[in-house]
Structure formats: C-alpha cells, structure tokens
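Chemist: mmCIF, C-alpha atoms, file input_3.cif:
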data_my_file
loop_
_atom_site.label_atom_id
_atom_site.label_comp_id
_atom_site.auth_asym_id
_atom_site.auth_seq_id
_atom_site.Cartn_x
_atom_site.Cartn_y
_atom_site.Cartn_z
CA MET V 1 109.39 111.03 90.97
CA ALA V 2 109.60 114.08 93.22
CA ARG V 3 113.11 114.80 94.39
CA SER V 4 113.69 116.26 97.81
CA PHE V 5 115.70 119.44 98.13
CA SER V 6 119.41 118.90 98.51
CA PRO V 7 121.96 121.59 99.28
CA ALA V 8 124.93 122.13 96.98
CA PRO V 9 127.71 119.64 97.78
CA SER V 10 130.76 120.85 99.68
CA ASP V 11 133.88 121.04 97.57
CA ARG V 12 135.50 118.05 99.23
CA VAL V 13 132.51 115.71 98.87
CA ARG V 14 131.82 116.73 95.27
CA VAL V 15 132.24 113.82 92.87
CA ARG V 16 135.24 114.52 90.63
CA ARG V 17 135.34 111.66 88.14
CA ALA V 18 132.33 111.12 85.87
CA PRO V 19 130.33 113.93 87.51
CA ALA V 20 127.30 112.96 85.41
CA ARG V 21 127.04 109.90 87.67
CA ALA V 22 126.97 112.01 90.84
CA ASP V 23 123.83 112.34 92.91
CA TYR V 24 123.57 114.58 95.95
CA ASP V 25 119.96 113.74 96.63
CA ARG V 26 119.46 112.48 100.17
CA ALA V 27 116.86 109.93 99.04
CA THR V 28 119.47 108.29 96.79
CA ILE V 29 122.16 108.41 99.47
CA ASP V 30 119.83 107.04 102.15
CA ALA V 31 118.65 104.17 99.94
CA ILE V 32 122.23 103.06 99.26
CA LEU V 33 123.24 103.26 102.92
CA ASP V 34 120.11 101.36 103.96
CA GLU V 35 120.53 98.56 101.43
CA ALA V 36 124.28 98.00 101.93
CA LEU V 37 124.93 95.43 104.66
CA VAL V 38 128.54 96.52 105.09
CA ALA V 39 130.28 99.87 104.83
CA HIS V 40 133.98 100.66 104.68
CA LEU V 41 135.29 103.16 107.19
CA GLY V 42 138.48 105.07 106.39
CA PHE V 43 140.60 106.76 109.04
CA ALA V 44 144.27 107.62 109.34
CA VAL V 45 146.74 106.72 112.09
CA ASP V 46 150.13 108.45 111.92
CA GLY V 47 149.36 109.46 108.36
CA GLN V 48 148.61 105.89 107.24
CA PRO V 49 145.02 105.42 106.03
CA TYR V 50 143.15 102.30 107.11
CA VAL V 51 139.94 101.01 105.52
CA ILE V 52 137.93 98.62 107.68
CA PRO V 53 134.65 96.90 106.81
CA THR V 54 132.01 97.60 109.41
CA LEU V 55 128.30 97.34 110.05
CA HIS V 56 126.49 100.66 109.89
CA ALA V 57 122.95 101.85 110.57
CA ARG V 58 121.43 105.06 109.28
CA VAL V 59 118.91 106.80 111.52
CA GLY V 60 117.59 110.06 110.14
CA ASP V 61 120.45 112.38 109.24
CA GLU V 62 123.22 110.30 110.76
CA VAL V 63 124.94 106.97 110.25
CA TYR V 64 125.93 105.01 113.32
CA ILE V 65 128.96 102.77 113.51
CA HIS V 66 130.04 100.83 116.54
CA GLY V 67 132.73 98.64 117.98
CA SER V 68 134.41 97.49 121.10
CA THR V 69 135.77 100.25 123.31
CA ALA V 70 139.16 98.60 122.66
CA SER V 71 138.85 98.92 118.87
CA ARG V 72 141.43 101.10 117.14
CA MET V 73 138.87 102.05 114.50
CA VAL V 74 136.44 103.29 117.13
CA ARG V 75 139.07 104.96 119.30
CA THR V 76 140.57 106.78 116.32
CA THR V 77 137.36 107.95 114.68
CA GLY V 78 135.88 108.83 118.08
CA ALA V 79 138.73 111.25 118.74
CA GLY V 80 137.32 113.91 116.43
CA VAL V 81 139.52 113.32 113.39
CA GLY V 82 138.19 113.26 109.85
CA CYS V 83 136.91 109.94 108.57
CA CYS V 84 135.10 108.64 105.52
CA LEU V 85 132.39 106.02 105.36
CA THR V 86 131.65 104.45 101.98
CA ALA V 87 128.97 101.92 101.10
CA THR V 88 128.93 100.23 97.70
CA LEU V 89 126.36 98.00 96.04
CA ILE V 90 127.38 95.93 93.03
CA ASP V 91 124.61 95.77 90.43
CA GLY V 92 126.30 94.13 87.47
CA LEU V 93 129.18 93.69 85.08
CA VAL V 94 129.08 95.91 82.01
CA LEU V 95 130.62 94.08 79.08
CA ALA V 96 131.52 96.43 76.26
CA ARG V 97 132.83 95.85 72.75
CA SER V 98 136.16 97.35 73.79
CA ALA V 99 138.20 96.28 76.81
CA PHE V 100 138.54 99.92 77.82
CA ASN V 101 134.79 100.50 78.14
CA HIS V 102 134.18 97.50 80.38
CA SER V 103 132.65 98.76 83.58
CA MET V 104 130.56 97.92 86.59
CA ASN V 105 127.02 98.96 87.40
CA TYR V 106 127.10 100.07 91.02
CA ARG V 107 125.68 102.49 93.55
CA SER V 108 127.97 104.00 96.15
CA ALA V 109 127.53 106.54 98.92
CA VAL V 110 130.37 108.47 100.53
CA VAL V 111 130.03 110.27 103.86
CA LEU V 112 132.77 112.60 105.13
CA GLY V 113 133.10 114.16 108.51
CA GLU V 114 134.12 113.88 112.11
CA ALA V 115 132.22 111.35 114.15
CA ARG V 116 130.21 112.29 117.21
CA LEU V 117 130.62 110.02 120.23
CA VAL V 118 127.15 108.86 121.25
CA GLU V 119 126.93 109.16 125.02
CA GLY V 120 123.41 109.00 126.43
CA ASP V 121 122.28 105.49 127.36
CA ASP V 122 118.90 105.94 125.68
CA GLU V 123 120.43 106.92 122.37
CA ARG V 124 123.06 104.20 122.71
CA MET V 125 120.38 101.55 123.25
CA ALA V 126 118.34 102.95 120.34
CA ALA V 127 121.42 102.73 118.14
CA LEU V 128 121.96 99.08 119.05
CA GLU V 129 118.33 98.47 118.13
CA ALA V 130 118.97 100.17 114.79
CA PHE V 131 122.00 97.93 114.11
CA THR V 132 119.85 94.84 114.66
CA GLU V 133 116.78 96.12 112.82
CA ARG V 134 118.77 97.25 109.76
CA LEU V 135 119.95 93.67 109.28
CA ILE V 136 116.49 92.13 109.51
CA PRO V 137 113.52 94.33 110.40
CA GLY V 138 111.68 92.81 113.34
CA ARG V 139 114.69 90.95 114.68
CA TRP V 140 115.13 93.19 117.75
CA SER V 141 111.96 91.89 119.37
CA GLU V 142 112.96 88.28 118.67
CA CYS V 143 116.23 88.21 120.60
CA ARG V 144 117.62 89.11 124.01
CA PRO V 145 118.29 92.85 124.31
CA PRO V 146 121.78 94.01 125.30
CA SER V 147 122.71 93.81 128.97
CA ARG V 148 124.15 96.75 130.86
CA GLN V 149 127.57 95.10 130.58
CA GLU V 150 127.30 94.59 126.80
CA LEU V 151 126.18 98.18 126.34
CA LYS V 152 129.08 99.41 128.46
CA GLY V 153 131.67 97.60 126.34
CA THR V 154 130.38 99.12 123.10
CA GLN V 155 131.39 102.46 121.69
CA ILE V 156 128.91 104.06 119.31
CA LEU V 157 129.76 106.85 116.90
CA ALA V 158 127.52 108.94 114.65
CA LEU V 159 128.51 110.53 111.37
CA HIS V 160 126.28 113.31 110.04
CA LEU V 161 125.11 113.12 106.44
CA ASP V 162 125.58 116.82 105.71
CA GLU V 163 128.72 116.01 103.71
CA SER V 164 127.64 113.06 101.64
CA SER V 165 127.30 112.11 98.01
CA ALA V 166 126.27 109.18 95.87
CA LYS V 167 127.55 107.86 92.60
CA VAL V 168 125.47 105.61 90.40
CA ARG V 169 126.36 103.82 87.19
CA ASP V 170 123.58 101.94 85.45
CA GLY V 171 122.47 100.90 82.01
CA GLY V 172 124.31 99.23 79.18
CA PRO V 173 127.82 99.67 77.84
CA ASN V 174 128.93 102.98 76.35
CA ASP V 175 131.07 102.00 73.41
CA GLU V 176 132.98 104.26 71.04
CA PRO V 177 130.86 105.10 67.96
CA GLU V 178 133.15 103.18 65.61
CA ASP V 179 133.02 100.04 67.79
CA TYR V 180 129.30 99.37 67.26
CA THR V 181 130.09 97.68 63.95
CA LEU V 182 132.35 95.12 65.63
CA ASP V 183 131.32 91.50 65.99
CA HIS V 184 131.81 91.47 69.76
CA TRP V 185 128.98 90.64 72.11
CA ALA V 186 128.07 93.41 74.54
CA GLY V 187 125.61 93.70 77.38
CA VAL V 188 125.09 93.67 81.10
CA LEU V 189 125.37 90.76 83.48
CA PRO V 190 123.23 91.81 86.48
CA LEU V 191 124.42 90.76 89.93
CA ARG V 192 122.54 90.63 93.19
CA LEU V 193 123.22 89.53 96.76
CA VAL V 194 120.86 86.60 97.22
CA PRO V 195 120.09 84.49 100.31
CA GLY V 196 120.79 80.76 100.27
CA GLU V 197 119.27 78.03 102.39
CA LEU V 198 118.90 78.96 106.06
CA GLU V 199 121.32 77.16 108.36
CA PRO V 200 119.76 76.73 111.81
CA ASP V 201 122.29 76.78 114.66
CA THR V 202 123.45 73.24 115.51
CA LYS V 203 122.61 74.00 119.15
CA LEU V 204 119.11 75.25 118.36
CA ARG V 205 116.60 73.81 120.81
CA PRO V 206 113.99 71.60 119.11
CA GLY V 207 110.62 73.09 118.27
CA ILE V 208 111.73 76.69 117.70
CA PRO V 209 110.32 77.84 114.34
CA VAL V 210 112.05 80.19 111.93
CA PRO V 211 110.67 83.65 112.76
CA GLU V 212 108.47 85.59 110.34
CA SER V 213 111.06 88.35 110.06
CA VAL V 214 113.63 85.95 108.64
CA ILE V 215 111.12 84.28 106.33
CA ASP V 216 109.98 87.67 104.99
CA TRP V 217 113.51 89.04 104.53
CA THR V 218 114.57 85.91 102.67
CA ALA V 219 111.47 85.77 100.48
CA ALA V 220 111.92 89.40 99.42
CA ARG V 221 115.45 88.70 98.19
CA ARG V 222 115.05 85.33 96.47
CA PRO V 223 115.95 85.43 92.77
CA MET N 1 145.39 71.46 103.51
CA ALA N 2 149.02 72.52 103.32
CA ARG N 3 149.55 76.16 104.17
CA SER N 4 152.22 78.15 102.44
CA PHE N 5 154.82 79.93 104.52
CA SER N 6 153.85 83.43 105.52
CA PRO N 7 156.11 85.90 107.27
CA ALA N 8 155.06 87.46 110.57
CA PRO N 9 152.73 90.41 109.95
CA SER N 10 154.09 93.92 110.35
CA ASP N 11 152.79 95.71 113.41
CA ARG N 12 150.59 98.04 111.42
CA VAL N 13 148.89 95.35 109.33
CA ARG N 14 148.37 93.01 112.30
CA VAL N 15 144.67 92.43 113.00
CA ARG N 16 143.78 94.01 116.35
CA ARG N 17 140.15 93.10 116.98
CA ALA N 18 139.22 89.41 117.19
CA PRO N 19 142.77 88.27 116.36
CA ALA N 20 141.53 84.66 116.23
CA ARG N 21 139.85 85.63 112.94
CA ALA N 22 143.09 86.92 111.46
CA ASP N 23 144.82 85.10 108.64
CA TYR N 24 148.16 86.17 107.20
CA ASP N 25 148.33 83.33 104.74
CA ARG N 26 148.84 84.57 101.19
CA ALA N 27 146.54 81.88 99.76
CA THR N 28 143.67 83.23 101.86
CA ILE N 29 144.46 86.85 101.01
CA ASP N 30 144.81 86.09 97.29
CA ALA N 31 141.52 84.18 97.17
CA ILE N 32 139.62 87.09 98.72
CA LEU N 33 141.20 89.67 96.40
CA ASP N 34 140.51 87.47 93.39
CA GLU N 35 136.86 86.82 94.23
CA ALA N 36 135.94 90.40 95.19
CA LEU N 37 134.73 92.38 92.17
CA VAL N 38 135.26 95.71 93.89
CA ALA N 39 137.80 96.95 96.41
CA HIS N 40 137.79 100.13 98.49
CA LEU N 41 140.86 102.31 98.28
CA GLY N 42 141.66 104.66 101.14
CA PHE N 43 143.93 107.68 100.82
CA ALA N 44 144.18 111.03 102.56
CA VAL N 45 144.15 114.54 101.08
CA ASP N 46 145.01 117.36 103.48
CA GLY N 47 144.48 114.96 106.38
CA GLN N 48 140.98 113.99 105.26
CA PRO N 49 140.66 110.27 104.43
CA TYR N 50 138.69 109.28 101.33
CA VAL N 51 137.44 105.77 100.57
CA ILE N 52 136.60 105.11 96.93
CA PRO N 53 135.27 101.89 95.39
CA THR N 54 137.49 100.72 92.56
CA LEU N 55 138.15 97.76 90.32
CA HIS N 56 141.34 95.90 91.23
CA ALA N 57 143.30 93.03 89.71
CA ARG N 58 145.84 90.91 91.55
CA VAL N 59 148.79 89.66 89.52
CA GLY N 60 151.31 87.67 91.54
CA ASP N 61 152.49 89.66 94.54
CA GLU N 62 150.82 92.92 93.59
CA VAL N 63 147.35 94.38 93.19
CA TYR N 64 146.76 96.77 90.33
CA ILE N 65 144.34 99.65 90.47
CA HIS N 66 143.75 102.14 87.68
CA GLY N 67 141.95 105.28 86.72
CA SER N 68 142.00 108.28 84.50
CA THR N 69 145.16 110.35 84.65
CA ALA N 70 142.82 113.14 85.84
CA SER N 71 141.53 111.09 88.80
CA ARG N 72 142.26 112.48 92.26
CA MET N 73 142.41 108.93 93.63
CA VAL N 74 145.06 107.94 91.12
CA ARG N 75 147.01 111.19 91.36
CA THR N 76 147.08 111.04 95.16
CA THR N 77 147.96 107.37 95.58
CA GLY N 78 150.46 107.57 92.74
CA ALA N 79 152.39 110.28 94.58
CA GLY N 80 154.01 107.82 96.96
CA VAL N 81 151.81 108.41 99.99
CA GLY N 82 150.44 105.58 102.12
CA CYS N 83 147.19 104.03 101.05
CA CYS N 84 145.03 101.08 102.02
CA LEU N 85 143.12 98.75 99.75
CA THR N 86 140.40 96.62 101.33
CA ALA N 87 138.25 93.96 99.67
CA THR N 88 135.30 92.44 101.51
CA LEU N 89 133.05 89.51 100.64
CA ILE N 90 129.73 89.13 102.47
CA ASP N 91 128.96 85.48 103.22
CA GLY N 92 125.92 85.70 105.46
CA LEU N 93 124.00 87.17 108.35
CA VAL N 94 124.66 85.55 111.71
CA LEU N 95 121.49 85.65 113.79
CA ALA N 96 122.20 85.01 117.46
CA ARG N 97 119.92 84.59 120.47
CA SER N 98 121.12 87.94 121.79
CA ALA N 99 121.13 91.21 119.85
CA PHE N 100 124.72 91.79 120.91
CA ASN N 101 126.03 88.59 119.30
CA HIS N 102 124.46 89.22 115.93
CA SER N 103 127.22 89.27 113.37
CA MET N 104 128.16 88.88 109.75
CA ASN N 105 130.04 86.07 108.07
CA TYR N 106 132.58 87.74 105.83
CA ARG N 107 136.05 87.54 104.37
CA SER N 108 138.12 90.68 104.06
CA ALA N 109 141.64 91.43 102.88
CA VAL N 110 143.54 94.60 103.75
CA VAL N 111 146.64 95.76 101.86
CA LEU N 112 148.76 98.64 103.15
CA GLY N 113 151.56 100.43 101.39
CA GLU N 114 152.68 103.00 98.91
CA ALA N 115 151.64 102.39 95.34
CA ARG N 116 154.14 101.97 92.54
CA LEU N 117 153.37 103.86 89.33
CA VAL N 118 153.39 101.32 86.50
CA GLU N 119 155.33 102.84 83.63
CA GLY N 120 156.40 100.41 80.93
CA ASP N 121 153.88 100.02 78.11
CA ASP N 122 154.16 96.23 78.16
CA GLU N 123 153.32 96.00 81.84
CA ARG N 124 150.62 98.63 81.45
CA MET N 125 148.96 96.64 78.66
CA ALA N 126 149.31 93.42 80.67
CA ALA N 127 147.62 95.15 83.61
CA LEU N 128 144.68 96.24 81.44
CA GLU N 129 144.39 92.63 80.30
CA ALA N 130 144.34 91.56 83.96
CA PHE N 131 141.52 94.03 84.76
CA THR N 132 139.40 92.55 81.96
CA GLU N 133 140.27 88.91 82.65
CA ARG N 134 139.61 89.19 86.40
CA LEU N 135 136.03 90.20 85.62
CA ILE N 136 135.36 87.34 83.23
CA PRO N 137 138.21 85.00 82.27
CA GLY N 138 138.45 84.82 78.50
CA ARG N 139 136.86 88.21 77.92
CA TRP N 140 140.11 89.90 76.77
CA SER N 141 140.20 87.92 73.54
CA GLU N 142 136.54 88.67 72.85
CA CYS N 143 136.73 92.45 72.74
CA ARG N 144 138.75 95.22 71.11
CA PRO N 145 142.09 95.75 72.88
CA PRO N 146 142.93 99.23 74.18
CA SER N 147 144.17 101.77 71.65
CA ARG N 148 147.34 103.77 72.17
CA GLN N 149 145.15 106.74 73.13
CA GLU N 150 143.13 104.78 75.67
CA LEU N 151 146.30 103.38 77.22
CA LYS N 152 147.80 106.86 77.38
CA GLY N 153 144.84 108.26 79.32
CA THR N 154 145.01 105.55 81.95
CA GLN N 155 147.19 105.62 85.04
CA ILE N 156 147.99 102.24 86.54
CA LEU N 157 149.28 101.73 90.07
CA ALA N 158 150.54 98.59 91.80
CA LEU N 159 150.36 97.88 95.50
CA HIS N 160 152.64 95.14 96.87
CA LEU N 161 151.12 92.45 99.06
CA ASP N 162 153.99 92.33 101.55
CA GLU N 163 151.88 94.22 104.08
CA SER N 164 148.55 92.47 103.85
CA SER N 165 146.22 90.52 106.08
CA ALA N 166 142.89 88.78 105.93
CA LYS N 167 140.09 88.46 108.43
CA VAL N 168 137.50 85.72 108.18
CA ARG N 169 134.36 85.12 110.23
CA ASP N 170 132.44 81.96 109.48
CA GLY N 171 130.21 79.43 111.17
CA GLY N 172 127.19 79.85 113.40
CA PRO N 173 126.39 82.32 116.15
CA ASN N 174 128.47 82.45 119.32
CA ASP N 175 125.97 83.04 122.07
CA GLU N 176 126.59 83.50 125.77
CA PRO N 177 126.39 80.16 127.64
CA GLU N 178 123.27 81.20 129.55
CA ASP N 179 121.46 82.24 126.34
CA TYR N 180 121.28 78.75 124.85
CA THR N 181 118.22 78.00 126.97
CA LEU N 182 116.28 80.93 125.45
CA ASP N 183 113.41 80.35 123.05
CA HIS N 184 114.95 82.53 120.32
CA TRP N 185 115.71 81.15 116.89
CA ALA N 186 119.39 81.33 115.91
CA GLY N 187 121.30 80.45 112.79
CA VAL N 188 122.98 81.71 109.66
CA LEU N 189 121.39 83.22 106.58
CA PRO N 190 123.98 82.65 103.83
CA LEU N 191 124.34 85.35 101.18
CA ARG N 192 125.95 85.20 97.78
CA LEU N 193 126.40 87.50 94.80
CA VAL N 194 124.42 85.79 92.06
CA PRO N 195 124.01 86.64 88.36
CA GLY N 196 120.57 87.42 86.99
CA GLU N 197 119.33 87.20 83.41
CA LEU N 198 121.81 88.53 80.84
CA GLU N 199 120.78 91.84 79.28
CA PRO N 200 122.16 92.09 75.74
CA ASP N 201 122.99 95.65 74.65
CA THR N 202 120.02 97.24 72.88
CA LYS N 203 122.41 98.15 70.05
CA LEU N 204 123.79 94.62 69.72
CA ARG N 205 124.01 93.62 66.07
CA PRO N 206 121.80 90.62 65.24
CA GLY N 207 123.35 87.17 65.12
CA ILE N 208 126.07 87.73 67.70
CA PRO N 209 125.90 84.86 70.20
CA VAL N 210 126.64 85.15 73.92
CA PRO N 211 130.29 84.15 74.28
CA GLU N 212 131.35 80.98 76.09
CA SER N 213 133.22 83.00 78.71
CA VAL N 214 130.03 84.72 79.82
CA ILE N 215 128.00 81.51 79.74
CA ASP N 216 130.61 79.71 81.86
CA TRP N 217 131.00 82.55 84.37
CA THR N 218 127.25 82.79 84.82
CA ALA N 219 126.70 79.04 85.11
CA ALA N 220 129.38 78.74 87.78
CA ARG N 221 127.62 81.34 89.94
CA ARG N 222 123.97 80.39 89.53
CA PRO N 223 122.29 79.48 92.84
#
Hey, can you dump this file as structure tokens for me?
Modeler:
Amino acid sequence: MARSFSPAPSDRVRVRRAPARADYDRATIDAILDEALVAHLGFAVDGQPYVIPTLHARVGDEVYIHGSTASRMVRTTGAGVGCCLTATLIDGLVLARSAFNHSMNYRSAVVLGEARLVEGDDERMAALEAFTERLIPGRWSECRPPSRQELKGTQILALHLDESSAKVRDGGPNDEPEDYTLDHWAGVLPLRLVPGELEPDTKLRPGIPVPESVIDWTAARRP
Amino acid sequence: MARSFSPAPSDRVRVRRAPARADYDRATIDAILDEALVAHLGFAVDGQPYVIPTLHARVGDEVYIHGSTASRMVRTTGAGVGCCLTATLIDGLVLARSAFNHSMNYRSAVVLGEARLVEGDDERMAALEAFTERLIPGRWSECRPPSRQELKGTQILALHLDESSAKVRDGGPNDEPEDYTLDHWAGVLPLRLVPGELEPDTKLRPGIPVPESVIDWTAARRP
C-alpha cells in the first residue's frame, strides 16, 4: 500500500517506548481518530493535569472538540495552553506464555498542541455537522440543525495534526525463546465494539422508521 | 440498592459539567475501573500535558499502573507530581431529534493525585498478579510468573482513590420539548466490547487446550 509522505516527528511527539510500534503516517493517525468514538483530552489547571473523555471530529488537518462555553475543559484549552488529545482503540487481549509478556493489541493516536478557538459562524456550523456525521454518516440531514441559540452556547476548538503520532500493537504474543516449550496456551482474544439491538426512544411518534443511516452503520459493525 | 458511604468530593475532583451525571460512590467508581481494559494517564512534562493509554489494575483503594523503568510516563508520574487517570466505557450512541442533543451513553472514572512508587518485592509481585488477573481472572496460574529480572525492569506506581469521581450518562435522548413533534427518528444504539474468534498463537505446541479462564471470559461477553 502506498504510504503518504510524513514529516519527521517533533521531539516531544516522538514515541519513546517500543518505537518499533510507532507510526507517524497521517493515514494511520487519521484512521484511528476517525474510528474512535471518544477521545481523551488532557490539560492542566494550576499544574494539575486533567484527562476528560470527549467527542472529537477530524476534518482535514485538524481535530475539533467542543463543549459548553461554561466548560472548564473548553475554557482552559481555548486559552492557548498546551493540551493533548489521545484516541485509543482496543483490538484484543494478547495472552502470552509468561505473565510478563501479556499485552493488548491496540491502536492509539496522540495529538499535541495548542487549540485554536473556532470563531466564524460558518466554520462553527460545519464543525457541528462534522460532530454529528462522524457518529453516523448521514445523520445530519435526518435531524434538526442547531439553532442560533444552541450554536451560541457551544465553544468549538481545533487542534492541528502537525504534532501527532500513532502507536499500533498487533499480532500474536512475543514470548521469550525459552518459553515456547512451556505447556501454557497462548494466543489472541480479539475484541471489537459491536452494536446491540436498537432501542427506539419511548416517546418516538408511531410510524417513524429507523433511518437508512442507522441501519447501514449497524449492519457494518455486526459481528 | 444500598449505597456505601462516600465522603464529599474535593473541589478539584468535583464534576463541573452536567453535575447530575456525577457519582462519587466508590462502588460506581470501582466498577468502571474494573471493567475498563485500558485507562488514560495524564501527566505534564515542562508544562505540556501528555495522555497515554495504559493498563491499570485496581486493588482495594488504589489503582496500579506500570511500565518499564525507562518509560517517561512512569518516570514522570513516579516523581511525585500530580497526575490524572481516566477510564471510560462506551455504552452507546444517543440519537436525538436535534443535532445538538446527540450524545453518548458512557461511564467514566477520573482519579487525581500523586502516585506512590511501589517498592517492596511482595507488593510488586502482587501488583503484577493483579495486572494479569484483571485481564482474565485465573490467567495468573496458567502462565509463567515473572522472573527476578522481569520484575526488576518494571516500575509499579499506585494512585489512591481518595480523589476520584465517576460520571455516567445513560438512557434515551433528551430532546427539547418542541422537538418531540418532529418526524425524526430518535433512540439509542447500544455498543459493547465483544470478543471475536480466538486466535491461537501460530507457534502453539499441539495438544494444548484453550484454558477454562479464557473460555469463561469469552462466553460471558458474547453478544
């Protein structure tokens, strides 16, 4: 597969542990950010780091996050201080012959930087569309768009991907050479986030069918 | 259900946004930490926050994390600076009639504090057992225990749960009163981390059966 050009990683975003698992390719980073339904945003207040789960939406070379204008997370990261957004996908448990070599198959993306406050109403509305569409493509046209009031109460921030990296662990266990003669079972237990049965809202008006977008999204992720 | 006594949350761990979703009950916090296979650890280096996915294991009133003695994450958080460990479980997509009220059902736990460096060999070995057992209960007795060398190369840290909180969003969409007359479908799409087909190691010696622990863990999580 052709790999797009990626610049050398900055020193602070360079993966330190297990560098063989590092990937600075934007295609890898983008795919992880786009698949992960939740990211974790890190920021510090008075020297104390906080890590808060948040919805994110990548558009081109930036990742949007958003929140109420009253949110500490949004106020802090919007004030031009360094933050870190990390998205992690769990792909499986790696069961080795030794306790020490037990591991996890995962894909994670880390984005460092200072967030840009998104200010123009057009870009702000486009970002809200991206938040909805990244959950379920097609959903934006199936629901009421944000009102002026809703838009006004939302702060949107953008984090550039120029300082980003990915880390990927896949494959089977890596045991010590002498452990392969042991009688212990070893292998991978794959894990995947899978949709269950749809739960229509109890107040749903009769006769409203499940939209195609939801049917398609669910079908694509069934085991 | 009886709720155990929980002290009032410290100001800095108190949930700010959507305080109705906050839960300071240790049973809730423990259950989230115990179910989550990965946590995100936040720490700052030269004022820049980093958020790194990591395996964690709760034992009583503390959460263990570990890493190589060469790991920046472990060296930084072991130096007595503030850190934040957050574990998040995704329970479903909440599809509302309005774009703005789209949400996620989730459970998250946040632990703040300064990590304690675990030093005694007995506790260090017990912590490694906890890391293995929290993945798959019973697995510790089915694999080779850590050697003196492996133990020596591992740094283990403990974070006390006295400054911790949980946040839980569940149930259906909360739409604006006037939106309930709209023709848009609304409901919840539940999501769950589900095991796939076991992948035995390609170098597995013939005649080694899949252990009961793995069969049980998988069966309990099948859709």
Chemist: Leaving out range 164-171 of chain N and any residue of its chain fewer than 3 positions from it, which residues lie within 7 Å of it when counting all atoms listed in the file, given as a compact mmCIF listing (two decimals) with C-alpha atoms, keeping the file's coordinate frame?
Modeler:
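As written to disk, around_16.txt reads:
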# COMPACT_ATOMS: atom_id res chain seq x y z
CA VAL N 13 148.89 95.35 109.33
CA ARG N 21 139.85 85.63 112.94
CA ALA N 22 143.09 86.92 111.46
CA ASP N 23 144.82 85.10 108.64
CA TYR N 24 148.16 86.17 107.20
CA THR N 28 143.67 83.23 101.86
CA ILE N 29 144.46 86.85 101.01
CA ASN N 105 130.04 86.07 108.07
CA TYR N 106 132.58 87.74 105.83
CA ARG N 107 136.05 87.54 104.37
CA SER N 108 138.12 90.68 104.06
CA ALA N 109 141.64 91.43 102.88
CA VAL N 110 143.54 94.60 103.75
CA VAL N 111 146.64 95.76 101.86
CA LEU N 112 148.76 98.64 103.15
CA LEU N 161 151.12 92.45 99.06
Chemist: Output the residue selection produced by the PyMOL selection byres ((chain V) within 6 of (chain N)) on the file above, formatted as a PyMOL selection string.
Modeler: chain V and resi 42-43+48-51+82-84+97-100+143-146+172+184+186-196+198-201
Chemist: Mind giving me the straight-line distance from CA of Arg116 in chain N to CA of Asp30 in chain N in Å, one decimal?
Modeler: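 Answer for the CA of Arg116 in chain N to CA of Asp30 in chain N separation: 19.0 Å.
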Chemist: Work out how far apart CA of Asp34 in chain N and CA of Ala57 in chain N are and give it in Å to one decimal.
Modeler: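 Value for the CA of Asp34 in chain N-CA of Ala57 in chain N distance: 7.2 Å.
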Chemist: Would you mind reading off the distance between CA of Gly78 in chain V and CA of Ser10 in chain V, one decimal, in Å?
Modeler: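 According to the coordinates, CA of Gly78 in chain V and CA of Ser10 in chain V are separated by 22.6 Å.
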Chemist: Counting all atoms listed in the file, figure out which residue out of N:His66, N:Arg222, N:Arg58, N:Arg134 gets nearest to Gly153 in chain N.
Modeler: N:His66
